[in-house]
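This report refers to the structure that appears directly beneath it.
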Amino acid sequence: MQSRATSLPHRRTFWLTLLLAAGVSLLLESPLHAQPKPVTDATTLEGKVMTGYQGWFRCPGDGTERGWLHWSRRSTITPQSLTFEMWPDLSEFSSTEKYAVPGFSHVGGTPAYLYSSVNKETIQRHFQWMQQYGIDGAFVQRFLVNLRDPSFEKVLENVRVAAKDSGRAFGICYDLSGYPTERIYDRLTEDWRELCDRRKVTRDERYLDHDGLPVVFLWGLYSDRFDAKLAHQLIDFFHEEGPYRATVIGGVPPQWRRDRDPQWAAAYRKLDVISPWNVGNIEMRGGEKIANTNIWKGDQVAATEAGVRLLPVIYPGFAWTNLKGPVAQRDTIERRRGDFFWEQWVAAAKLKTGMVYVAMFDEVDEATAIFKVTNDPPTQGSYATYDGLPSDWYLRLAGEGGRMLRGEVPISEQITITPQR
């Protein structure tokens, strides 16, 4: 950088200026104080680190009348009614973003708070974190079972604003889970037409495109949920020439290549991008649970043969004992201080997949969240934490993993950053 000053009256001032400039430069180059990532190129999935954004948390007083939705299984909240595993870190949140949780407090008696996903300021904060840590954007989960809930429409509108302000990309991910099979096609296509025609969501400059078309993610294309005919109908709708055409990502089971139904096999290979859901798909190595990434090479070969791109799913760990009860302890996948997460980044980088889907940004129900989680949860109830690591540790790992994926830094089997910097 060239200095605009042509002369300095005092040598002392000159050296002080140089020292300050050097100090600022080093600070900005430190991973802990990384410069915000430039505006994401929303015209392609190539090179992208996209994450899933549930946006389904509600609190009394947020204007939605949905109570403690996704925080508690009842209208009230108690240690016995909790449905989430990790307590979010709200230390940076403003007073207007925090909702007091009656009966819950931290060590020392400090009142405990939770957040609501409809709060515009909170969504802005989440997308600013994505920008700060080098995450390209998010797929907003659009659950068919909640399409008539106005609060989810508010979340989407707030995401649109936050993506624009932060320079992130966003896309729609339809989650088909729990919706009557016979109504999926009509409800989903009706909603997409509404988003395209009236709300013009896909015309947003921050809406994610790929191969010249807006991207739509269909999650839940599973052969044990409905027949292949419906899968073909959905894909064909988005492939038809016209104003609703899109690049289709399919969220499919990890064993998609072994499906013996020829119609399902054809449907999977008709997708534009295939994303096998790998959460919970593990193998044991040295007594530890390791994400099964060995299947990715075969997935990539099969996808390439079909002219399809592979979007691998990377996740930091898993637990849902508060949601499912003590018997679910056997399902816990320890994070191993980030090693479990990092090993998947290494596998994706070695395969040169060129894109990844991180599951998830804010999913504390099943402890797959990468956003800021506290190591000092309330004393009432039982929670998983980040084991004393900084609350932004997994955001930093995602950013560094993305750099490795894109070839900006060498592939390293060991985590290349430390909690201290």
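Quick note on naming: the chains in the structure tokens go A, B, ... in the order shown, residues restart at 1 in each chain, and ligands are numbered from 1 in order of appearance.
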message: Using DSSP secondary structure from the backbone, list all alpha helix (DSSP H) positions within stretch 141-367 of chain A, as an MDAnalysis selection string.
response: chainID A and resid 150:166 181:197 228:239 262:270 295:305 321:324 339:351
Do you have, as CSV, the list of residues of stretch 155-181 of chain A lying at most 12 Å from stretch 226-242 of chain A, each with its nearest atom pair and that distance in Å to one decimal, counting only C-alpha atoms and ordered by chain then number?
```
residue,atom,partner,partner_atom,distance
A:Tyr174,CA,A:Leu234,CA,11.3
A:Leu176,CA,A:Phe226,CA,10.5
A:Ser177,CA,A:Phe226,CA,10.8
A:Gly178,CA,A:Phe226,CA,11.3
A:Tyr179,CA,A:Phe226,CA,10.8
A:Pro180,CA,A:Phe226,CA,9.8
A:Thr181,CA,A:Phe226,CA,6.6
```
Long-range neighbours of A:Val118 as JSON, numbers by chain, 7 Å cut-off, only C-alpha atoms, 6 positions minimum in chain: {"A": [151, 154, 155]}
Would you save the residues from that selection as a compact mmCIF listing (two decimals), in the first residue's frame, using C-alpha atoms?
```
# COMPACT_ATOMS: atom_id res chain seq x y z
CA SER A 151 -43.62 -16.29 11.09
CA LYS A 154 -41.09 -13.18 8.14
CA VAL A 155 -37.89 -15.19 8.53
```
query: Rounded to one decimal in Å, what is the spacing between atom CA of A:Asp165 and atom CA of A:Ile135?
result: 14.5 Å
- request: Might you pull out every residue within 9 Å of stretch 44-51 of chain A, with only C-alpha atoms counted and same-chain residues fewer than 4 positions away left off, and present them as a VMD selection string?
  value: chain A and resid 40 134 to 140 169 to 170 208 to 212 215 353 to 361 398 to 399 401 to 402 405 to 406
So that I have them on file, write out the residues from the current selection with C-alpha atoms, as an mmCIF file, in the first residue's frame.
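That gives us out.cif:
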```cif
data_model
loop_
_atom_site.group_PDB
_atom_site.id
_atom_site.type_symbol
_atom_site.label_atom_id
_atom_site.label_comp_id
_atom_site.auth_asym_id
_atom_site.auth_seq_id
_atom_site.Cartn_x
_atom_site.Cartn_y
_atom_site.Cartn_z
ATOM 1 C CA THR A 40 -20.141 -13.683 -2.468
ATOM 2 C CA GLY A 134 -15.921 -16.675 5.257
ATOM 3 C CA ILE A 135 -19.150 -18.664 4.851
ATOM 4 C CA ASP A 136 -20.736 -17.875 1.504
ATOM 5 C CA GLY A 137 -24.368 -18.065 2.496
ATOM 6 C CA ALA A 138 -27.283 -20.215 3.550
ATOM 7 C CA PHE A 139 -30.097 -22.353 2.273
ATOM 8 C CA VAL A 140 -33.182 -21.224 4.153
ATOM 9 C CA ALA A 169 -25.964 -15.661 -1.040
ATOM 10 C CA PHE A 170 -29.159 -17.454 -0.079
ATOM 11 C CA LEU A 208 -28.028 -18.165 -5.514
ATOM 12 C CA ASP A 209 -27.859 -19.202 -9.177
ATOM 13 C CA HIS A 210 -25.961 -22.011 -10.858
ATOM 14 C CA ASP A 211 -25.588 -22.732 -14.564
ATOM 15 C CA GLY A 212 -27.623 -19.609 -15.291
ATOM 16 C CA VAL A 215 -31.059 -22.944 -7.364
ATOM 17 C CA THR A 353 -15.604 -31.436 -4.881
ATOM 18 C CA GLY A 354 -15.473 -27.657 -5.266
ATOM 19 C CA MET A 355 -18.526 -27.087 -3.060
ATOM 20 C CA VAL A 356 -19.887 -28.224 0.302
ATOM 21 C CA TYR A 357 -23.069 -28.008 2.335
ATOM 22 C CA VAL A 358 -22.521 -27.511 6.065
ATOM 23 C CA ALA A 359 -25.258 -28.991 8.234
ATOM 24 C CA MET A 360 -26.199 -26.796 9.989
ATOM 25 C CA PHE A 361 -25.696 -23.171 11.010
ATOM 26 C CA ALA A 398 -15.711 -23.631 8.475
ATOM 27 C CA GLY A 399 -13.979 -20.574 7.092
ATOM 28 C CA GLY A 401 -12.000 -25.445 5.655
ATOM 29 C CA GLY A 402 -13.471 -23.410 2.831
ATOM 30 C CA LEU A 405 -11.492 -26.603 -0.307
ATOM 31 C CA ARG A 406 -10.821 -23.804 -2.795
#
```
task: For stretch 336-348 of chain A, please output as an NGL selection string all residues within 8 Å (counting only C-alpha atoms; exclusion window: fewer than 6 positions along the same chain).
output: :A and (290-291 or 293 or 312 or 314-317 or 354 or 356 or 386-387 or 389 or 394 or 397 or 401-402 or 404-405 or 411-415)
task: For A:Lys289, work out the shell of residues within 8 Å, counting only C-alpha atoms and skipping chain neighbours fewer than 3 positions away, then give it as a PyMOL selection string.
output: chain A and resi 282-285+333-334
Keeping only N, CA and C atoms, write the selected residues as a PDB file, in the first residue's frame.
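Produced file selection_11.pdb, reproduced below:
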```pdb
ATOM      1  N   ILE A 282     -21.611 -42.986   9.999  1.00  0.00           N
ATOM      2  CA  ILE A 282     -20.283 -43.020  10.612  1.00  0.00           C
ATOM      3  C   ILE A 282     -19.634 -44.393  10.480  1.00  0.00           C
ATOM      4  N   GLU A 283     -18.358 -44.443  10.792  1.00  0.00           N
ATOM      5  CA  GLU A 283     -17.616 -45.681  10.953  1.00  0.00           C
ATOM      6  C   GLU A 283     -16.764 -45.558  12.203  1.00  0.00           C
ATOM      7  N   MET A 284     -16.359 -46.669  12.770  1.00  0.00           N
ATOM      8  CA  MET A 284     -15.539 -46.655  13.966  1.00  0.00           C
ATOM      9  C   MET A 284     -14.073 -46.826  13.582  1.00  0.00           C
ATOM     10  N   ARG A 285     -13.223 -45.992  14.190  1.00  0.00           N
ATOM     11  CA  ARG A 285     -11.794 -46.091  13.939  1.00  0.00           C
ATOM     12  C   ARG A 285     -11.059 -45.777  15.241  1.00  0.00           C
ATOM     13  N   ILE A 333     -22.436 -38.213  18.606  1.00  0.00           N
ATOM     14  CA  ILE A 333     -21.182 -38.232  17.854  1.00  0.00           C
ATOM     15  C   ILE A 333     -20.334 -37.089  18.381  1.00  0.00           C
ATOM     16  N   GLU A 334     -19.288 -37.431  19.116  1.00  0.00           N
ATOM     17  CA  GLU A 334     -18.446 -36.420  19.740  1.00  0.00           C
ATOM     18  C   GLU A 334     -17.723 -35.572  18.684  1.00  0.00           C
TER      19      GLU A 334
END
```
Residues of stretch 359-408 of chain A within 9 Å of stretch 81-91 of chain A: nearest atom pair and distance (Å, one decimal) for each, counting only C-alpha atoms, sorted by chain and number, as a Markdown table?
```
| residue | atom | partner | partner_atom | distance |
| --- | --- | --- | --- | --- |
| A:Asp362 | CA | A:Pro88 | CA | 8.8 |
| A:Glu363 | CA | A:Phe84 | CA | 8.5 |
| A:Val364 | CA | A:Met86 | CA | 5.2 |
| A:Asp365 | CA | A:Phe84 | CA | 3.8 |
| A:Glu366 | CA | A:Glu85 | CA | 6.3 |
| A:Ala367 | CA | A:Glu85 | CA | 5.7 |
| A:Ala369 | CA | A:Met86 | CA | 8.3 |
| A:Phe371 | CA | A:Pro88 | CA | 7.9 |
| A:Lys372 | CA | A:Asp89 | CA | 5.3 |
| A:Val373 | CA | A:Pro88 | CA | 4.2 |
| A:Thr374 | CA | A:Asp89 | CA | 4.4 |
| A:Asn375 | CA | A:Asp89 | CA | 8.1 |
| A:Asp376 | CA | A:Trp87 | CA | 8.4 |
| A:Pro377 | CA | A:Trp87 | CA | 5.9 |
| A:Pro378 | CA | A:Trp87 | CA | 8.2 |
| A:Gly381 | CA | A:Leu82 | CA | 8.0 |
| A:Ser382 | CA | A:Glu85 | CA | 7.8 |
| A:Tyr383 | CA | A:Glu85 | CA | 5.3 |
| A:Ala384 | CA | A:Met86 | CA | 5.3 |
| A:Thr385 | CA | A:Met86 | CA | 6.2 |
| A:Tyr386 | CA | A:Met86 | CA | 9.0 |
| A:Ser391 | CA | A:Asp89 | CA | 7.0 |
```
message: For A:Gln128, find every residue with an atom within 12 Å (counting only C-alpha atoms), except residues of its own chain fewer than 4 positions away, and show them as an NGL selection string.
response: :A and (36-39 or 121-124 or 132-138 or 159 or 161-168 or 371 or 395)
Write a file of the selected residues as an mmCIF file, in the first residue's frame, keeping N, CA, C and O atoms.
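Final file, part39.cif:
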```cif
data_model
loop_
_atom_site.group_PDB
_atom_site.id
_atom_site.type_symbol
_atom_site.label_atom_id
_atom_site.label_comp_id
_atom_site.auth_asym_id
_atom_site.auth_seq_id
_atom_site.Cartn_x
_atom_site.Cartn_y
_atom_site.Cartn_z
ATOM 1 N N PRO A 36 -13.455 -9.265 6.662
ATOM 2 C CA PRO A 36 -14.696 -9.844 6.141
ATOM 3 C C PRO A 36 -14.519 -10.327 4.711
ATOM 4 O O PRO A 36 -13.838 -9.688 3.903
ATOM 5 N N LYS A 37 -15.107 -11.454 4.407
ATOM 6 C CA LYS A 37 -14.998 -12.010 3.062
ATOM 7 C C LYS A 37 -15.694 -11.076 2.080
ATOM 8 O O LYS A 37 -16.771 -10.550 2.362
ATOM 9 N N PRO A 38 -15.102 -10.850 0.905
ATOM 10 C CA PRO A 38 -15.754 -10.011 -0.100
ATOM 11 C C PRO A 38 -17.131 -10.550 -0.457
ATOM 12 O O PRO A 38 -17.485 -11.674 -0.131
ATOM 13 N N VAL A 39 -17.890 -9.740 -1.140
ATOM 14 C CA VAL A 39 -19.247 -10.130 -1.524
ATOM 15 C C VAL A 39 -19.226 -11.458 -2.277
ATOM 16 O O VAL A 39 -18.450 -11.656 -3.209
ATOM 17 N N GLU A 121 -32.936 -8.270 13.762
ATOM 18 C CA GLU A 121 -31.585 -7.942 14.213
ATOM 19 C C GLU A 121 -30.734 -9.210 14.387
ATOM 20 O O GLU A 121 -29.543 -9.218 14.073
ATOM 21 N N THR A 122 -31.366 -10.279 14.856
ATOM 22 C CA THR A 122 -30.645 -11.538 15.056
ATOM 23 C C THR A 122 -30.256 -12.170 13.738
ATOM 24 O O THR A 122 -29.138 -12.680 13.577
ATOM 25 N N ILE A 123 -31.164 -12.154 12.769
ATOM 26 C CA ILE A 123 -30.831 -12.704 11.454
ATOM 27 C C ILE A 123 -29.710 -11.889 10.815
ATOM 28 O O ILE A 123 -28.793 -12.445 10.192
ATOM 29 N N GLN A 124 -29.750 -10.570 10.990
ATOM 30 C CA GLN A 124 -28.656 -9.735 10.507
ATOM 31 C C GLN A 124 -27.337 -10.168 11.149
ATOM 32 O O GLN A 124 -26.311 -10.290 10.478
ATOM 33 N N GLN A 132 -18.177 -12.565 8.269
ATOM 34 C CA GLN A 132 -16.943 -12.403 9.029
ATOM 35 C C GLN A 132 -16.049 -13.633 8.939
ATOM 36 O O GLN A 132 -14.819 -13.512 8.846
ATOM 37 N N TYR A 133 -16.665 -14.828 8.939
ATOM 38 C CA TYR A 133 -15.874 -16.057 9.003
ATOM 39 C C TYR A 133 -15.724 -16.758 7.654
ATOM 40 O O TYR A 133 -15.173 -17.851 7.590
ATOM 41 N N GLY A 134 -16.184 -16.134 6.584
ATOM 42 C CA GLY A 134 -15.921 -16.675 5.257
ATOM 43 C C GLY A 134 -16.880 -17.754 4.804
ATOM 44 O O GLY A 134 -16.514 -18.602 3.982
ATOM 45 N N ILE A 135 -18.105 -17.742 5.316
ATOM 46 C CA ILE A 135 -19.150 -18.664 4.851
ATOM 47 C C ILE A 135 -19.962 -17.938 3.791
ATOM 48 O O ILE A 135 -20.378 -16.793 3.982
ATOM 49 N N ASP A 136 -20.179 -18.578 2.662
ATOM 50 C CA ASP A 136 -20.736 -17.875 1.504
ATOM 51 C C ASP A 136 -22.221 -17.567 1.606
ATOM 52 O O ASP A 136 -22.699 -16.644 0.950
ATOM 53 N N GLY A 137 -22.950 -18.336 2.379
ATOM 54 C CA GLY A 137 -24.368 -18.065 2.496
ATOM 55 C C GLY A 137 -25.122 -19.246 3.059
ATOM 56 O O GLY A 137 -24.528 -20.177 3.620
ATOM 57 N N ALA A 138 -26.451 -19.206 2.901
ATOM 58 C CA ALA A 138 -27.283 -20.215 3.550
ATOM 59 C C ALA A 138 -28.467 -20.618 2.683
ATOM 60 O O ALA A 138 -29.004 -19.805 1.926
ATOM 61 N N VAL A 159 -34.193 -12.715 5.971
ATOM 62 C CA VAL A 159 -33.003 -13.304 5.356
ATOM 63 C C VAL A 159 -32.654 -12.558 4.069
ATOM 64 O O VAL A 159 -31.470 -12.297 3.795
ATOM 65 N N VAL A 161 -33.088 -9.474 3.349
ATOM 66 C CA VAL A 161 -32.448 -8.209 3.703
ATOM 67 C C VAL A 161 -31.043 -8.449 4.246
ATOM 68 O O VAL A 161 -30.084 -7.761 3.872
ATOM 69 N N ALA A 162 -30.911 -9.453 5.125
ATOM 70 C CA ALA A 162 -29.612 -9.733 5.741
ATOM 71 C C ALA A 162 -28.593 -10.191 4.708
ATOM 72 O O ALA A 162 -27.410 -9.833 4.781
ATOM 73 N N ALA A 163 -29.029 -10.993 3.739
ATOM 74 C CA ALA A 163 -28.116 -11.452 2.691
ATOM 75 C C ALA A 163 -27.613 -10.273 1.856
ATOM 76 O O ALA A 163 -26.427 -10.194 1.501
ATOM 77 N N LYS A 164 -28.503 -9.359 1.571
ATOM 78 C CA LYS A 164 -28.103 -8.177 0.803
ATOM 79 C C LYS A 164 -27.121 -7.323 1.593
ATOM 80 O O LYS A 164 -26.088 -6.883 1.065
ATOM 81 N N ASP A 165 -27.418 -7.098 2.859
ATOM 82 C CA ASP A 165 -26.572 -6.226 3.681
ATOM 83 C C ASP A 165 -25.191 -6.834 3.938
ATOM 84 O O ASP A 165 -24.216 -6.099 4.086
ATOM 85 N N SER A 166 -25.129 -8.159 4.013
ATOM 86 C CA SER A 166 -23.864 -8.829 4.331
ATOM 87 C C SER A 166 -23.119 -9.332 3.099
ATOM 88 O O SER A 166 -21.993 -9.829 3.210
ATOM 89 N N GLY A 167 -23.763 -9.236 1.940
ATOM 90 C CA GLY A 167 -23.122 -9.730 0.727
ATOM 91 C C GLY A 167 -23.065 -11.238 0.651
ATOM 92 O O GLY A 167 -22.241 -11.799 -0.066
ATOM 93 N N ARG A 168 -23.972 -11.911 1.362
ATOM 94 C CA ARG A 168 -24.026 -13.374 1.296
ATOM 95 C C ARG A 168 -25.042 -13.809 0.236
ATOM 96 O O ARG A 168 -25.893 -13.033 -0.199
ATOM 97 N N PHE A 371 -22.776 -22.202 14.772
ATOM 98 C CA PHE A 371 -22.730 -20.832 15.252
ATOM 99 C C PHE A 371 -22.287 -20.791 16.711
ATOM 100 O O PHE A 371 -21.918 -21.808 17.296
ATOM 101 N N LEU A 395 -17.229 -21.782 13.525
ATOM 102 C CA LEU A 395 -17.304 -20.804 12.446
ATOM 103 C C LEU A 395 -15.923 -20.606 11.825
ATOM 104 O O LEU A 395 -15.774 -20.545 10.600
#
```
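The interatomic distance for the pair atom CA of A:Ile370 and atom CA of A:Gly108 works out to 27.1 Å.
Reported to one decimal place, the separation of atom CA of A:Ala42 from atom CA of A:Arg206 is 5.9 Å.
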Restrict the calculation to only C-alpha atoms, then for each residue of stretch 280-327 of chain A with any atom at most 12 Å from an atom of stretch 250-269 of chain A give the closest atom pair and their distance in Å to one decimal, rows by chain and rising residue number, as a Markdown table.
```
| residue | atom | partner | partner_atom | distance |
| --- | --- | --- | --- | --- |
| A:Gly280 | CA | A:Pro254 | CA | 9.9 |
| A:Asn281 | CA | A:Pro254 | CA | 7.6 |
| A:Ile282 | CA | A:Pro254 | CA | 10.9 |
| A:Ala291 | CA | A:Pro254 | CA | 11.9 |
| A:Asn292 | CA | A:Pro254 | CA | 9.7 |
| A:Thr293 | CA | A:Pro254 | CA | 10.2 |
| A:Asn294 | CA | A:Pro254 | CA | 11.2 |
| A:Ile295 | CA | A:Pro254 | CA | 8.2 |
| A:Trp296 | CA | A:Pro254 | CA | 9.3 |
| A:Lys297 | CA | A:Arg257 | CA | 11.8 |
| A:Gly298 | CA | A:Arg257 | CA | 8.5 |
| A:Asp299 | CA | A:Arg257 | CA | 7.3 |
| A:Gln300 | CA | A:Arg257 | CA | 10.6 |
| A:Val301 | CA | A:Arg257 | CA | 10.6 |
| A:Ala302 | CA | A:Arg257 | CA | 7.7 |
| A:Ala303 | CA | A:Arg269 | CA | 7.1 |
| A:Thr304 | CA | A:Arg269 | CA | 9.6 |
| A:Glu305 | CA | A:Arg269 | CA | 9.0 |
| A:Ala306 | CA | A:Arg269 | CA | 5.7 |
| A:Gly307 | CA | A:Arg269 | CA | 7.9 |
| A:Val308 | CA | A:Arg269 | CA | 6.9 |
| A:Arg309 | CA | A:Arg269 | CA | 10.0 |
| A:Leu310 | CA | A:Gly250 | CA | 9.9 |
| A:Leu311 | CA | A:Gly250 | CA | 9.3 |
| A:Pro312 | CA | A:Gly251 | CA | 10.0 |
| A:Val313 | CA | A:Gly251 | CA | 9.5 |
```
Restricting it to N, CA, C and O atoms, dump the selection as an mmCIF file, in the first residue's frame.
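Result file follows (result_36.cif):
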```cif
data_model
loop_
_atom_site.group_PDB
_atom_site.id
_atom_site.type_symbol
_atom_site.label_atom_id
_atom_site.label_comp_id
_atom_site.auth_asym_id
_atom_site.auth_seq_id
_atom_site.Cartn_x
_atom_site.Cartn_y
_atom_site.Cartn_z
ATOM 1 N N GLY A 280 -24.893 -38.647 10.678
ATOM 2 C CA GLY A 280 -25.144 -39.925 11.336
ATOM 3 C C GLY A 280 -24.531 -41.112 10.633
ATOM 4 O O GLY A 280 -24.523 -42.225 11.177
ATOM 5 N N ASN A 281 -24.021 -40.903 9.439
ATOM 6 C CA ASN A 281 -23.379 -41.988 8.687
ATOM 7 C C ASN A 281 -21.914 -42.054 9.119
ATOM 8 O O ASN A 281 -21.078 -41.269 8.665
ATOM 9 N N ILE A 282 -21.611 -42.986 9.999
ATOM 10 C CA ILE A 282 -20.283 -43.020 10.612
ATOM 11 C C ILE A 282 -19.634 -44.393 10.480
ATOM 12 O O ILE A 282 -20.283 -45.378 10.108
ATOM 13 N N ALA A 291 -16.742 -39.692 10.564
ATOM 14 C CA ALA A 291 -17.706 -39.537 9.469
ATOM 15 C C ALA A 291 -17.307 -40.432 8.311
ATOM 16 O O ALA A 291 -16.133 -40.491 7.927
ATOM 17 N N ASN A 292 -18.272 -41.147 7.760
ATOM 18 C CA ASN A 292 -17.998 -42.035 6.634
ATOM 19 C C ASN A 292 -17.899 -41.212 5.353
ATOM 20 O O ASN A 292 -18.896 -40.948 4.685
ATOM 21 N N THR A 293 -16.695 -40.812 5.034
ATOM 22 C CA THR A 293 -16.456 -40.074 3.789
ATOM 23 C C THR A 293 -15.897 -40.985 2.699
ATOM 24 O O THR A 293 -15.667 -40.520 1.575
ATOM 25 N N ASN A 294 -15.701 -42.251 3.032
ATOM 26 C CA ASN A 294 -15.168 -43.191 2.034
ATOM 27 C C ASN A 294 -16.114 -43.350 0.852
ATOM 28 O O ASN A 294 -15.671 -43.676 -0.265
ATOM 29 N N ILE A 295 -17.414 -43.141 1.098
ATOM 30 C CA ILE A 295 -18.390 -43.316 0.022
ATOM 31 C C ILE A 295 -18.375 -42.159 -0.963
ATOM 32 O O ILE A 295 -18.932 -42.266 -2.056
ATOM 33 N N TRP A 296 -17.749 -41.043 -0.597
ATOM 34 C CA TRP A 296 -17.814 -39.868 -1.456
ATOM 35 C C TRP A 296 -17.143 -40.088 -2.806
ATOM 36 O O TRP A 296 -17.625 -39.557 -3.815
ATOM 37 N N LYS A 297 -16.071 -40.850 -2.836
ATOM 38 C CA LYS A 297 -15.395 -41.076 -4.112
ATOM 39 C C LYS A 297 -16.318 -41.787 -5.091
ATOM 40 O O LYS A 297 -16.430 -41.398 -6.260
ATOM 41 N N GLY A 298 -17.003 -42.833 -4.614
ATOM 42 C CA GLY A 298 -17.961 -43.532 -5.472
ATOM 43 C C GLY A 298 -19.122 -42.646 -5.850
ATOM 44 O O GLY A 298 -19.630 -42.709 -6.982
ATOM 45 N N ASP A 299 -19.563 -41.795 -4.908
ATOM 46 C CA ASP A 299 -20.638 -40.852 -5.213
ATOM 47 C C ASP A 299 -20.221 -39.904 -6.327
ATOM 48 O O ASP A 299 -21.001 -39.607 -7.247
ATOM 49 N N GLN A 300 -18.989 -39.433 -6.236
ATOM 50 C CA GLN A 300 -18.515 -38.482 -7.235
ATOM 51 C C GLN A 300 -18.388 -39.130 -8.618
ATOM 52 O O GLN A 300 -18.748 -38.521 -9.633
ATOM 53 N N VAL A 301 -17.916 -40.364 -8.635
ATOM 54 C CA VAL A 301 -17.794 -41.074 -9.912
ATOM 55 C C VAL A 301 -19.172 -41.270 -10.535
ATOM 56 O O VAL A 301 -19.383 -40.992 -11.727
ATOM 57 N N ALA A 302 -20.126 -41.746 -9.728
ATOM 58 C CA ALA A 302 -21.483 -41.992 -10.241
ATOM 59 C C ALA A 302 -22.138 -40.693 -10.701
ATOM 60 O O ALA A 302 -22.834 -40.648 -11.724
ATOM 61 N N ALA A 303 -21.930 -39.632 -9.925
ATOM 62 C CA ALA A 303 -22.517 -38.351 -10.295
ATOM 63 C C ALA A 303 -21.919 -37.833 -11.598
ATOM 64 O O ALA A 303 -22.642 -37.367 -12.491
ATOM 65 N N THR A 304 -20.603 -37.930 -11.721
ATOM 66 C CA THR A 304 -19.930 -37.467 -12.940
ATOM 67 C C THR A 304 -20.409 -38.238 -14.159
ATOM 68 O O THR A 304 -20.639 -37.659 -15.229
ATOM 69 N N GLU A 305 -20.565 -39.543 -14.016
ATOM 70 C CA GLU A 305 -21.054 -40.373 -15.126
ATOM 71 C C GLU A 305 -22.446 -39.951 -15.571
ATOM 72 O O GLU A 305 -22.803 -40.070 -16.743
ATOM 73 N N ALA A 306 -23.232 -39.446 -14.625
ATOM 74 C CA ALA A 306 -24.595 -39.009 -14.937
ATOM 75 C C ALA A 306 -24.659 -37.533 -15.326
ATOM 76 O O ALA A 306 -25.743 -37.015 -15.611
ATOM 77 N N GLY A 307 -23.510 -36.860 -15.323
ATOM 78 C CA GLY A 307 -23.501 -35.442 -15.647
ATOM 79 C C GLY A 307 -24.029 -34.583 -14.518
ATOM 80 O O GLY A 307 -24.561 -33.494 -14.747
ATOM 81 N N VAL A 308 -23.872 -35.078 -13.292
ATOM 82 C CA VAL A 308 -24.402 -34.415 -12.101
ATOM 83 C C VAL A 308 -23.235 -33.985 -11.214
ATOM 84 O O VAL A 308 -22.202 -34.645 -11.173
ATOM 85 N N ARG A 309 -23.393 -32.875 -10.480
ATOM 86 C CA ARG A 309 -22.381 -32.437 -9.515
ATOM 87 C C ARG A 309 -22.680 -33.026 -8.136
ATOM 88 O O ARG A 309 -23.838 -33.254 -7.783
ATOM 89 N N LEU A 310 -21.623 -33.217 -7.357
ATOM 90 C CA LEU A 310 -21.764 -33.732 -5.995
ATOM 91 C C LEU A 310 -21.580 -32.592 -4.999
ATOM 92 O O LEU A 310 -20.598 -31.852 -5.052
ATOM 93 N N LEU A 311 -22.527 -32.456 -4.074
ATOM 94 C CA LEU A 311 -22.469 -31.484 -2.997
ATOM 95 C C LEU A 311 -22.418 -32.251 -1.677
ATOM 96 O O LEU A 311 -23.448 -32.616 -1.113
ATOM 97 N N PRO A 312 -21.211 -32.544 -1.172
ATOM 98 C CA PRO A 312 -21.115 -33.336 0.057
ATOM 99 C C PRO A 312 -21.615 -32.566 1.274
ATOM 100 O O PRO A 312 -21.493 -31.337 1.342
ATOM 101 N N VAL A 313 -22.159 -33.312 2.221
ATOM 102 C CA VAL A 313 -22.657 -32.738 3.469
ATOM 103 C C VAL A 313 -21.595 -32.916 4.551
ATOM 104 O O VAL A 313 -21.123 -34.024 4.796
#
```
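Take the candidates A:Arg58, A:Arg203, A:Arg396, A:Arg183 and check each one against A:Leu144 using only C-alpha atoms; the shortest distance goes to A:Arg183.
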query: Could you write out, as a list of chain:residue names, all the residues of stretch 205-267 of chain A that DSSP marks as strand (DSSP E)?
result: A:Asp209, A:His210, A:Leu213, A:Pro214, A:Val215, A:Val216, A:Phe217, A:Leu218, A:Trp219, A:Thr247, A:Val248, A:Ile249, A:Gly250, A:Gly251, A:Val252
